[in-house]
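Data from final.txt: compact mmCIF, C-alpha atoms
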# COMPACT_ATOMS: atom_id res chain seq x y z
CA MET A 1 0.00 0.00 0.00
CA ILE A 2 1.33 3.42 -0.99
CA GLU A 3 0.50 6.37 1.24
CA VAL A 4 1.05 9.96 0.10
CA THR A 5 1.35 12.43 2.96
CA GLY A 6 2.52 15.97 3.53
CA PRO A 7 5.67 17.04 5.37
CA LYS A 8 6.15 15.34 8.74
CA ILE A 9 6.11 17.34 11.94
CA LEU A 10 9.55 16.93 13.52
CA PHE A 11 8.86 18.71 16.82
CA SER A 12 6.95 21.62 18.35
CA PHE A 13 7.67 24.11 21.10
CA SER A 14 6.02 27.07 22.77
CA PHE A 15 7.45 30.53 22.18
CA PHE A 16 7.44 32.08 25.68
CA GLY A 17 3.93 30.75 26.13
CA LEU A 18 2.58 33.16 23.49
CA PHE A 19 2.15 30.75 20.60
CA ASP A 20 3.24 27.32 19.45
CA VAL A 21 5.94 26.85 16.81
CA THR A 22 5.86 23.71 14.66
CA ILE A 23 9.00 22.55 12.85
CA THR A 24 8.25 20.37 9.83
CA GLU A 25 10.44 18.71 7.21
CA THR A 26 9.82 21.69 4.95
CA VAL A 27 11.07 24.15 7.58
CA LEU A 28 14.20 22.06 8.14
CA SER A 29 14.91 21.78 4.41
CA SER A 30 14.30 25.51 3.88
CA PHE A 31 16.69 26.51 6.67
CA LEU A 32 19.35 24.12 5.35
CA VAL A 33 19.00 25.65 1.89
CA MET A 34 19.29 29.18 3.31
CA LEU A 35 22.33 28.19 5.38
CA THR A 36 23.95 26.60 2.32
CA LEU A 37 23.36 29.72 0.22
CA VAL A 38 24.79 31.99 2.94
CA ILE A 39 27.92 29.85 3.28
CA LEU A 40 28.38 29.67 -0.50
CA SER A 41 27.91 33.45 -0.83
CA ILE A 42 30.54 34.14 1.83
CA TRP A 43 32.98 31.61 0.37
CA LEU A 44 32.55 32.76 -3.24
CA GLY A 45 32.70 36.45 -2.32
CA ARG A 46 35.88 36.30 -0.25
CA ASN A 47 39.36 37.39 -1.35
CA LEU A 48 38.32 38.92 -4.67
CA LYS A 49 41.36 40.02 -6.71
CA LYS A 50 42.17 41.94 -9.88
CA ARG A 51 43.78 38.78 -11.20
CA PRO A 52 40.94 36.36 -10.48
CA SER A 53 41.31 32.70 -9.66
CA GLY A 54 39.23 30.01 -11.33
CA LYS A 55 36.62 30.24 -8.55
CA GLN A 56 36.28 34.00 -8.99
CA VAL A 57 36.05 33.73 -12.79
CA LEU A 58 33.25 31.18 -12.49
CA THR A 59 31.43 33.30 -9.92
CA GLU A 60 31.70 36.45 -12.04
CA LYS A 61 30.48 34.51 -15.08
CA VAL A 62 27.39 33.23 -13.26
CA VAL A 63 26.61 36.66 -11.76
CA GLY A 64 27.10 38.25 -15.19
CA MET A 65 24.66 35.76 -16.73
CA LEU A 66 22.11 36.59 -14.03
CA TYR A 67 22.37 40.33 -14.61
CA ASN A 68 22.18 39.87 -18.38
CA MET A 69 19.03 37.76 -18.00
CA VAL A 70 17.42 40.40 -15.77
CA ARG A 71 18.48 43.16 -18.17
CA ASP A 72 17.04 41.36 -21.20
CA THR A 73 13.77 40.48 -19.44
CA MET A 74 13.09 43.46 -17.17
CA GLY A 75 15.17 46.23 -18.71
CA GLU A 76 18.31 48.09 -17.65
CA HIS A 77 16.37 50.20 -15.13
CA ASN A 78 15.31 47.10 -13.17
CA LEU A 79 18.76 45.60 -12.53
CA ARG A 80 18.18 46.26 -8.80
CA PHE A 81 15.98 43.15 -8.80
CA ALA A 82 18.85 40.87 -9.90
CA PRO A 83 19.88 39.84 -6.33
CA TYR A 84 16.26 38.93 -5.51
CA ILE A 85 15.83 36.93 -8.72
CA GLY A 86 19.12 35.14 -8.10
CA ALA A 87 18.14 34.28 -4.52
CA LEU A 88 14.73 33.07 -5.70
CA PHE A 89 16.24 30.85 -8.41
CA CYS A 90 18.89 29.34 -6.11
CA SER A 91 16.39 28.76 -3.29
CA SER A 92 14.02 27.03 -5.69
CA LEU A 93 16.72 24.88 -7.29
CA LEU A 94 18.41 23.81 -4.05
CA GLY A 95 15.02 23.42 -2.38
CA THR A 96 14.20 20.77 -4.97
CA LEU A 97 17.63 19.13 -5.20
CA ILE A 98 17.90 18.64 -1.43
CA SER A 99 15.68 15.56 -1.76
CA MET A 100 18.48 13.83 -3.70
CA LEU A 101 20.35 13.44 -0.41
CA GLY A 102 17.77 10.81 0.47
CA PHE A 103 16.78 11.90 3.97
CA PHE A 104 15.43 15.41 3.29
CA ARG A 105 12.12 16.39 1.73
CA SER A 106 12.07 18.92 -1.12
CA ALA A 107 11.05 22.31 0.24
CA THR A 108 9.30 23.03 -3.08
CA ALA A 109 7.15 19.90 -2.68
CA ASP A 110 5.20 21.87 -0.05
CA ILE A 111 2.58 24.31 -1.35
CA SER A 112 3.30 26.66 1.57
CA THR A 113 6.78 27.34 0.15
CA THR A 114 5.76 28.14 -3.42
CA ILE A 115 2.65 30.11 -2.43
CA THR A 116 4.82 32.31 -0.18
CA TRP A 117 7.19 33.09 -3.06
CA ALA A 118 4.24 33.75 -5.39
CA LEU A 119 2.61 36.10 -2.88
CA VAL A 120 5.89 38.04 -2.51
CA THR A 121 5.91 38.48 -6.29
CA SER A 122 2.28 39.66 -6.27
CA VAL A 123 2.95 42.12 -3.44
CA LEU A 124 5.87 43.56 -5.44
CA VAL A 125 3.63 43.90 -8.51
CA TRP A 126 0.86 45.63 -6.52
CA TYR A 127 3.32 47.90 -4.72
CA TYR A 128 4.99 49.16 -7.89
CA ASN A 129 1.70 49.49 -9.76
CA ILE A 130 0.36 51.68 -6.96
CA LYS A 131 3.65 53.58 -6.69
CA ASN A 132 3.80 54.32 -10.43
CA ASN A 133 0.09 54.86 -11.14
CA GLY A 134 -1.37 55.87 -7.79
CA PHE A 135 -3.94 53.87 -5.83
CA PHE A 136 -6.89 54.98 -7.93
CA GLY A 137 -4.88 54.52 -11.12
CA TRP A 138 -4.18 50.95 -10.03
CA LEU A 139 -7.88 50.35 -9.39
CA LYS A 140 -8.73 51.91 -12.74
CA GLY A 141 -6.45 49.37 -14.44
CA PHE A 142 -8.95 46.65 -13.54
CA THR A 143 -11.53 48.31 -15.79
CA GLU A 144 -9.33 48.22 -18.90
CA PRO A 145 -9.75 47.78 -21.81
CA ILE A 146 -13.51 47.98 -21.10
CA VAL A 147 -15.50 48.13 -17.87
CA VAL A 148 -17.22 44.76 -18.39
CA MET A 149 -13.80 43.10 -18.13
CA THR A 150 -13.44 44.19 -14.48
CA PRO A 151 -14.55 40.84 -12.92
CA MET A 152 -12.25 38.90 -15.24
CA ASN A 153 -9.32 41.21 -14.44
CA ILE A 154 -9.89 40.76 -10.70
CA VAL A 155 -10.08 36.97 -11.08
CA SER A 156 -6.89 37.06 -13.18
CA GLU A 157 -5.10 39.08 -10.49
CA ILE A 158 -6.08 36.55 -7.82
CA ALA A 159 -5.26 33.56 -10.03
CA GLN A 160 -1.76 34.81 -10.86
CA PRO A 161 -0.04 33.84 -7.57
CA ILE A 162 -2.15 30.68 -7.29
CA SER A 163 -1.13 29.46 -10.76
CA MET A 164 2.55 30.26 -10.12
CA ALA A 165 2.52 28.38 -6.81
CA PHE A 166 0.62 25.32 -8.00
CA ARG A 167 2.65 24.99 -11.21
CA HIS A 168 5.92 24.77 -9.29
CA PHE A 169 4.55 22.69 -6.42
CA GLY A 170 2.60 20.36 -8.70
CA ASN A 171 5.57 19.49 -10.88
CA VAL A 172 7.89 18.79 -7.95
CA ALA A 173 5.35 16.94 -5.79
CA GLY A 174 4.00 15.06 -8.81
CA GLY A 175 7.50 13.94 -9.75
CA SER A 176 8.09 12.66 -6.22
CA VAL A 177 4.83 10.70 -6.21
CA LEU A 178 5.48 9.25 -9.67
CA THR A 179 9.00 8.20 -8.68
CA MET A 180 7.66 6.49 -5.55
CA LEU A 181 4.98 4.65 -7.55
CA ILE A 182 7.53 3.40 -10.09
CA TYR A 183 9.94 2.45 -7.29
CA ASN A 184 7.28 0.29 -5.62
CA ALA A 185 6.20 -1.18 -8.96
CA LEU A 186 9.79 -2.22 -9.68
CA ALA A 187 9.99 -3.92 -6.28
CA ALA A 188 6.82 -5.88 -7.07
CA ALA A 189 8.13 -6.79 -10.53
CA SER A 190 11.39 -8.01 -9.01
CA ALA A 191 9.48 -10.25 -6.62
CA VAL A 192 7.53 -11.78 -9.52
CA ILE A 193 10.59 -12.34 -11.72
CA LEU A 194 12.80 -13.79 -8.95
CA GLY A 195 9.99 -15.52 -7.08
CA TRP A 196 10.68 -18.87 -8.79
CA ILE A 197 14.21 -19.05 -7.29
CA PRO A 198 14.24 -21.40 -4.27
CA ASN A 199 16.73 -19.27 -2.35
CA ALA A 200 14.62 -16.86 -0.26
CA PHE A 201 17.43 -14.32 0.07
CA ILE A 202 18.00 -13.99 -3.70
CA SER A 203 14.27 -13.88 -4.48
CA SER A 204 13.82 -10.99 -2.02
CA ILE A 205 16.42 -8.76 -3.73
CA PRO A 206 14.66 -5.91 -5.61
CA ILE A 207 17.05 -6.13 -8.55
CA LEU A 208 14.94 -3.93 -10.85
CA GLN A 209 15.24 -1.05 -8.38
CA VAL A 210 18.95 -0.77 -9.17
CA GLY A 211 19.72 2.00 -11.65
CA ILE A 212 16.24 2.91 -12.92
CA PRO A 213 15.22 5.07 -9.90
CA ALA A 214 18.54 6.92 -10.18
CA VAL A 215 17.76 7.86 -13.80
CA LEU A 216 14.28 9.01 -12.79
CA SER A 217 15.77 11.10 -9.99
CA LEU A 218 18.11 12.82 -12.45
CA TYR A 219 15.09 13.87 -14.50
CA PHE A 220 12.52 14.73 -11.84
CA ASP A 221 14.96 16.29 -9.37
CA LEU A 222 17.80 17.72 -11.43
CA PHE A 223 16.37 18.57 -14.85
CA SER A 224 12.78 19.28 -13.83
CA GLY A 225 13.96 21.16 -10.72
CA PHE A 226 16.14 23.42 -12.85
CA ILE A 227 13.32 24.06 -15.34
CA GLN A 228 10.78 24.87 -12.61
CA ALA A 229 13.21 27.25 -10.89
CA LEU A 230 13.89 28.99 -14.19
CA VAL A 231 10.19 29.23 -15.11
CA PHE A 232 9.25 30.63 -11.70
CA SER A 233 12.05 33.20 -11.87
CA MET A 234 11.13 34.19 -15.44
CA LEU A 235 7.46 34.67 -14.51
CA THR A 236 8.52 36.80 -11.56
CA MET A 237 10.69 38.96 -13.83
CA VAL A 238 7.89 39.33 -16.40
CA TYR A 239 5.23 40.31 -13.84
CA VAL A 240 7.42 42.67 -11.80
CA GLY A 241 9.00 44.12 -14.96
CA ALA A 242 5.55 44.95 -16.35
CA ALA A 243 4.79 46.87 -13.15
CA CYS A 244 8.08 48.80 -13.41
CA PRO A 245 8.23 50.33 -16.93
CA PRO A 246 11.11 52.56 -18.05
CA PRO A 247 11.00 56.20 -16.84
CA ALA A 248 9.99 57.43 -20.31
CA GLU A 249 6.93 55.21 -20.34
CA LYS A 250 5.93 56.30 -16.84
CA GLU A 251 6.15 59.97 -17.87
CA ALA A 252 4.05 59.26 -20.96
CA LYS A 253 1.29 57.83 -18.77
So, in terms of structure tokens, how does the structure I just supplied come out?
Amino acid sequence: MIEVTGPKILFSFSFFGLFDVTITETVLSSFLVMLTLVILSIWLGRNLKKRPSGKQVLTEKVVGMLYNMVRDTMGEHNLRFAPYIGALFCSSLLGTLISMLGFFRSATADISTTITWALVTSVLVWYYNIKNNGFFGWLKGFTEPIVVMTPMNIVSEIAQPISMAFRHFGNVAGGSVLTMLIYNALAAASAVILGWIPNAFISSIPILQVGIPAVLSLYFDLFSGFIQALVFSMLTMVYVGAACPPPAEKEAK
């Protein structure tokens, strides 16, 4: 029997008697990812020289690629968002890849993680729309291009963070479930194939589980994790970039 559950609760404690704090697998994975990123940032940013080492060249290349991607997608005037986009991409990628260690759950396989990131993106979009157009100008945008579209525009605004969160969460969680189903199916197939062998030890070896799950993990964790991190970051850049047009366009409005 295969049981699909959410993140396990590791322990709970009371915060000075005011409220209870629950630590789940997702919280543990998220803090490990953040700690890893902090350590990597400190290590890669130390001892920078005019004649760079191989580590510094690689770091500068990756940072340059990030800034070029933000420049091409959001415009030169929005390069200030590059650190946020980079942190979002790395958190998403490592949050998915952490499950490859075997004893950690992917942080992105929890809807609470992806919905939080999506809500941060939406808050940024709303903030800059109000800042650039004024509160009433932002409200007026819901009536464009015609007033009858107002309900649809409101629904679209609400659906934006939901679709971003569920797309990322669904792909990661779905990949984990599919891998588990195939893993258990291979164990059952091994039992059928080797069941005719008299030796109980040999017949109990799940030989078909060797190799195939590793290939699936490379796809669902590594490749799919990279794609989902990139898609989420690109959507964030598109939405926030649309709310932050170049100064000339803002003056024209």
For this session: Would you mind telling me which residue in A:Ile154, A:Leu32, A:Met69, A:Met164 lies nearest to Leu97 in chain A when using all atoms listed in the file?
Result: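 Checking each of A:Ile154, A:Leu32, A:Met69, A:Met164 against Leu97 in chain A, counting all atoms listed in the file, the winner is A:Leu32.
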Exercise. Do you know which residues are at most 10 Å from range 55-62 of chain A counting all atoms listed in the file, after dropping those on the same chain fewer than 4 positions away, and could you put them as an NGL selection string?
Worked result: :A and (41 or 43-51 or 66-68 or 86)
Exercise. For Phe223 in chain A, which of A:Leu119, A:Met74, A:Val172, A:Val38 is the closest residue, counting all atoms listed in the file?
Worked result: A:Val172
For this session: Have a look at A:Gly225, A:Gly137, A:Pro151, A:Pro145 and name the one nearest to Gly170 in chain A; count all atoms listed in the file.
Result: A:Gly225
Problem set entry | Minimum-distance residue to Tyr84 in chain A, chosen among A:Leu37, A:Ser29, A:Ser233, A:Ser14 (using all atoms listed in the file) | A:Ser233
Exercise. When distances are computed from only C-alpha atoms, which of A:Ser30, A:Asn133, A:Thr121, A:Ser92 shows the smallest separation from Pro245 in chain A?
Worked result: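 Using only C-alpha atoms, Pro245 in chain A sits closest to A:Asn133.
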For this session: Enter the distance from CA of Val125 in chain A to CA of Val240 in chain A, in Å, rounded to one decimal.
Result: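 Between CA of Val125 in chain A and CA of Val240 in chain A the gap is 5.2 Å.
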For this session: Would you list the contacts of Ala118 in chain A as number ranges by chain, taking every protein, DNA or RNA residue within 8 Å and counting only C-alpha atoms, but skipping same-chain residues closer than 3 positions in sequence?
Result: A: 114-115, 121-122, 161-162, 164-165
For this session: For CA of Met237 in chain A and CA of Ile158 in chain A, determine how far apart the two atoms are, in Å to one decimal place.
Result: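 These atoms are spaced 18.0 Å apart.
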For this session: Between CA of Phe11 in chain A and CA of Arg105 in chain A, measure the distance and give it in Å to one decimal.
Result: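 Distance between the two atoms: 15.6 Å.
Nearest to Ser224 in chain A of all the residues A:Ala173, A:Val238, A:Ile42, A:Leu28 is A:Ala173, based on all atoms listed in the file.
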For this session: Excluding Ile9 in chain A and residues on its chain fewer than 2 positions from it, collect all residues at most 7 Å away from it, counting only C-alpha atoms, and give them as a list in words.
Result: Pro7, Phe11, Thr22, Ile23, Thr24 and Glu25 of chain A
Nearby residues (all atoms listed in the file) at most 12 Å from Ala243 in chain A, same-chain spacing under 3 positions excluded, as a PDB file with C-alpha atoms, in the coordinates of the input:
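Saved as around37.pdb:
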ATOM      1  CA  MET A  74      13.090  43.460 -17.170  1.00  0.00           C
ATOM      2  CA  GLY A  75      15.170  46.230 -18.710  1.00  0.00           C
ATOM      3  CA  ASN A  78      15.310  47.100 -13.170  1.00  0.00           C
ATOM      4  CA  THR A 121       5.910  38.480  -6.290  1.00  0.00           C
ATOM      5  CA  SER A 122       2.280  39.660  -6.270  1.00  0.00           C
ATOM      6  CA  VAL A 123       2.950  42.120  -3.440  1.00  0.00           C
ATOM      7  CA  LEU A 124       5.870  43.560  -5.440  1.00  0.00           C
ATOM      8  CA  VAL A 125       3.630  43.900  -8.510  1.00  0.00           C
ATOM      9  CA  TRP A 126       0.860  45.630  -6.520  1.00  0.00           C
ATOM     10  CA  TYR A 127       3.320  47.900  -4.720  1.00  0.00           C
ATOM     11  CA  TYR A 128       4.990  49.160  -7.890  1.00  0.00           C
ATOM     12  CA  ASN A 129       1.700  49.490  -9.760  1.00  0.00           C
ATOM     13  CA  ILE A 130       0.360  51.680  -6.960  1.00  0.00           C
ATOM     14  CA  LYS A 131       3.650  53.580  -6.690  1.00  0.00           C
ATOM     15  CA  ASN A 132       3.800  54.320 -10.430  1.00  0.00           C
ATOM     16  CA  ASN A 133       0.090  54.860 -11.140  1.00  0.00           C
ATOM     17  CA  TRP A 138      -4.180  50.950 -10.030  1.00  0.00           C
ATOM     18  CA  GLY A 141      -6.450  49.370 -14.440  1.00  0.00           C
ATOM     19  CA  THR A 236       8.520  36.800 -11.560  1.00  0.00           C
ATOM     20  CA  MET A 237      10.690  38.960 -13.830  1.00  0.00           C
ATOM     21  CA  VAL A 238       7.890  39.330 -16.400  1.00  0.00           C
ATOM     22  CA  TYR A 239       5.230  40.310 -13.840  1.00  0.00           C
ATOM     23  CA  VAL A 240       7.420  42.670 -11.800  1.00  0.00           C
ATOM     24  CA  PRO A 246      11.110  52.560 -18.050  1.00  0.00           C
ATOM     25  CA  PRO A 247      11.000  56.200 -16.840  1.00  0.00           C
ATOM     26  CA  GLU A 249       6.930  55.210 -20.340  1.00  0.00           C
ATOM     27  CA  LYS A 250       5.930  56.300 -16.840  1.00  0.00           C
TER      28      LYS A 250
END
